[in-house]
Amino acid sequence: MTQQDGNPSPHRPADVVLTGTVFWDLVMTGLPRIPGNGEEIRVQRMATAPGGVANLAIASARLGLRTALVTEMGRDMAGRFCWSTLEQEGVDLSASRIHEGWTTPVTVSMTHDGDRRMVTHQTPPPAGPTTDDGLATVPSPRAALIDLDQLHSADQTRSSGRLSDWVRHAHDAGTVVLADIGFDETGRWDPAVLDGLRHCDLFTPNATEAMGFTRTATARDAARALAARVPLVVVTDGLDGAWAVDSSAGTEIHAAAVPVPPDEVVDATGAGDVFDAALVWGTLAGWPLDRRLDLACLCSSLAVRGLTGSMGAPGWAEVGAWWRGIAGSAADPDLADRFAFLDECELDAPPRLPAPTSIGWNLPA
């Protein structure tokens, strides 16, 4: 049996709507080495939290965005845990579904030597109402973050209530549509997947994904190539920051990563999701592109100091604490100058977003 459950829908449209798969993440860090066959080793730290699209949902909610998540979970221990945690974080699950007898996807992540190794168990959900059906009940939000792989699959199946139909209608109604994408395990990097960008305003792949699809050798070249398909592309490149190309304005910006002391790096899981959530907030706030990128770089740098992607996501209190430490110190004047714009924000509570206009949202240059 499939059941729809969750919080009642708010009277106002959501700031951001998300779709995708929720995983129950079990994260272990502090491995002395990767175990060999038949070997058991002890780790220093362990945590469990909702993962997958839940990283992005919780990161968005902690920044004060009214966040709606359309997804599916099982009524098993993992699903109940993820559902309860998302509700506690203020994520609206009224369009999500619970499946009886289905195992919620699970990922075990092991962090060692600055990188991760992951093992996942996932089976298709039972037949019945789908995520696309749930999405059809959601009014057009101010912003939507979609998985380009999922959009491509919907186009291929051409089923009723397709995700692409909702995305197109939302975009036409003024919703800012931001697309992300996952790693291609096949290694084919089929350019046809990028066709869905015709419905999107912003694309945020990481460097590996962007270079794979464009057959380029650098993140900067990949961003330039992808700019022909979407108004704004932001390619994240780990410790090298992010490259952004705004094709509508003809501008190109590089945002440096915000440095994190090596002894403070705990877990990089979900840092990209936190980057995307901050980019959405800055976009809806009408901030110029350089500030949006700086905020996103800062938030992702704060996220790696915590364990698990969702639980490490910062809110404005963490942003404010970081800024007060930088502003009150002469140790890094360049960083203090770069983020001086934070003095204009009230950081003890989520800064207010401007009210939406009747003509929808346009990405500022």
# chains A, B, ... in the order shown; residues from 1 in each chain; ligands from 1
call {"tool": "closest_atom_pairs", "arguments": {"of": "stretch 277-342 of chain A", "to": "stretch 198-218 of chain A", "cutoff": "12 Å", "atoms": "only C-alpha atoms", "output": "JSON lines"}}
result
{"residue": "A:Ala277", "atom": "CA", "partner": "A:Thr204", "partner_atom": "CA", "distance": 11.0}
{"residue": "A:Leu279", "atom": "CA", "partner": "A:Thr204", "partner_atom": "CA", "distance": 9.6}
{"residue": "A:Val280", "atom": "CA", "partner": "A:Leu202", "partner_atom": "CA", "distance": 9.8}
{"residue": "A:Thr283", "atom": "CA", "partner": "A:Leu202", "partner_atom": "CA", "distance": 10.2}
{"residue": "A:Leu289", "atom": "CA", "partner": "A:Leu202", "partner_atom": "CA", "distance": 11.8}
{"residue": "A:Leu293", "atom": "CA", "partner": "A:Thr204", "partner_atom": "CA", "distance": 11.4}
{"residue": "A:Ala296", "atom": "CA", "partner": "A:Thr204", "partner_atom": "CA", "distance": 11.6}
call {"tool": "residues_around", "arguments": {"residues": "stretch 105-118 of chain A", "least_positions_apart": "6", "cutoff": "9 Å", "atoms": "only C-alpha atoms", "output": "list in words"}}
result
Thr21, Val22, Phe23, Trp24, Asp25, Leu26, Val27, Met28, Thr29, Gly30, Leu31, Pro32, Arg33, Ile34, Gly51, Met73, Gly74, Ala78, Gly79, Val265, Val266, Asp267, Ala268 and Thr269 of chain A
call {"tool": "select_by_dssp", "arguments": {"residues": "stretch 59-92 of chain A", "states": "strand (DSSP E)", "output": "VMD selection string"}}
result
chain A and resid 67 to 70 72 to 74
call {"tool": "residues_around", "arguments": {"residues": "stretch 309-320 of chain A", "least_positions_apart": "6", "cutoff": "8 Å", "atoms": "only C-alpha atoms", "output": "PyMOL selection string"}}
result
chain A and resi 49-51+54-56+58-59+62-64+267-271+273-274+298-300+302-303+347-350
call {"tool": "closest_residue", "arguments": {"among": "A:Ile146, A:Ala127, A:Ala257, A:Ala327", "to": "A:Gly101", "atoms": "only C-alpha atoms"}}
result
A:Ala127
call {"tool": "closest_residue", "arguments": {"among": "A:Leu353, A:Ala255, A:Leu178, A:Ala249", "to": "A:Trp287", "atoms": "only C-alpha atoms"}}
result
A:Leu353
call {"tool": "closest_residue", "arguments": {"among": "A:Gly20, A:Arg305, A:Ala244, A:Arg224", "to": "A:Val260", "atoms": "only C-alpha atoms"}}
result
A:Arg305
call {"tool": "closest_residue", "arguments": {"among": "A:Gly196, A:Gly134, A:Gly187, A:Pro139", "to": "A:Gly174", "atoms": "only C-alpha atoms"}}
result
A:Pro139
call {"tool": "atom_distance", "arguments": {"atom1": "atom CA of A:Val43", "atom2": "atom CA of A:Pro262"}}
result
18.4 Å
call {"tool": "select_by_dssp", "arguments": {"residues": "stretch 25-260 of chain A", "states": "alpha helix (DSSP H)", "output": "ChimeraX atom specification"}}
result
/A:53-62,77-88,131-135,148-157,163-172,207-214,219-226
call {"tool": "atom_distance", "arguments": {"atom1": "atom CA of A:Val193", "atom2": "atom CA of A:Leu151"}}
result
8.3 Å
call {"tool": "closest_residue", "arguments": {"among": "A:Ser84, A:Val235, A:Pro351, A:Val17", "to": "A:Ser140", "atoms": "only C-alpha atoms"}}
result
A:Val17
call {"tool": "atom_distance", "arguments": {"atom1": "atom CA of A:His169", "atom2": "atom CA of A:Gly52"}}
result
25.6 Å
call {"tool": "residues_around", "arguments": {"residues": "A:Ala227", "least_positions_apart": "6", "cutoff": "8 Å", "atoms": "only C-alpha atoms", "output": "PyMOL selection string"}}
result
chain A and resi 233+245-247
call {"tool": "write_last_selection", "arguments": {"atoms": "N, CA and C atoms", "output": "PDB file, in the first residue's frame"}}
result
ATOM      1  N   VAL A 233      25.519  29.128 -15.936  1.00  0.00           N
ATOM      2  CA  VAL A 233      26.099  27.858 -15.520  1.00  0.00           C
ATOM      3  C   VAL A 233      27.146  28.132 -14.454  1.00  0.00           C
ATOM      4  N   VAL A 245      29.504  31.289 -15.703  1.00  0.00           N
ATOM      5  CA  VAL A 245      29.380  32.021 -16.967  1.00  0.00           C
ATOM      6  C   VAL A 245      27.914  32.408 -17.136  1.00  0.00           C
ATOM      7  N   ASP A 246      27.674  33.703 -17.201  1.00  0.00           N
ATOM      8  CA  ASP A 246      26.339  34.242 -17.441  1.00  0.00           C
ATOM      9  C   ASP A 246      26.265  34.627 -18.906  1.00  0.00           C
ATOM     10  N   SER A 247      25.638  33.771 -19.716  1.00  0.00           N
ATOM     11  CA  SER A 247      25.607  34.016 -21.160  1.00  0.00           C
ATOM     12  C   SER A 247      24.725  35.196 -21.519  1.00  0.00           C
TER      13      SER A 247
END
call {"tool": "closest_residue", "arguments": {"among": "A:Ile253, A:Leu239, A:Ile98, A:Leu284", "to": "A:Ser301", "atoms": "only C-alpha atoms"}}
result
A:Leu239
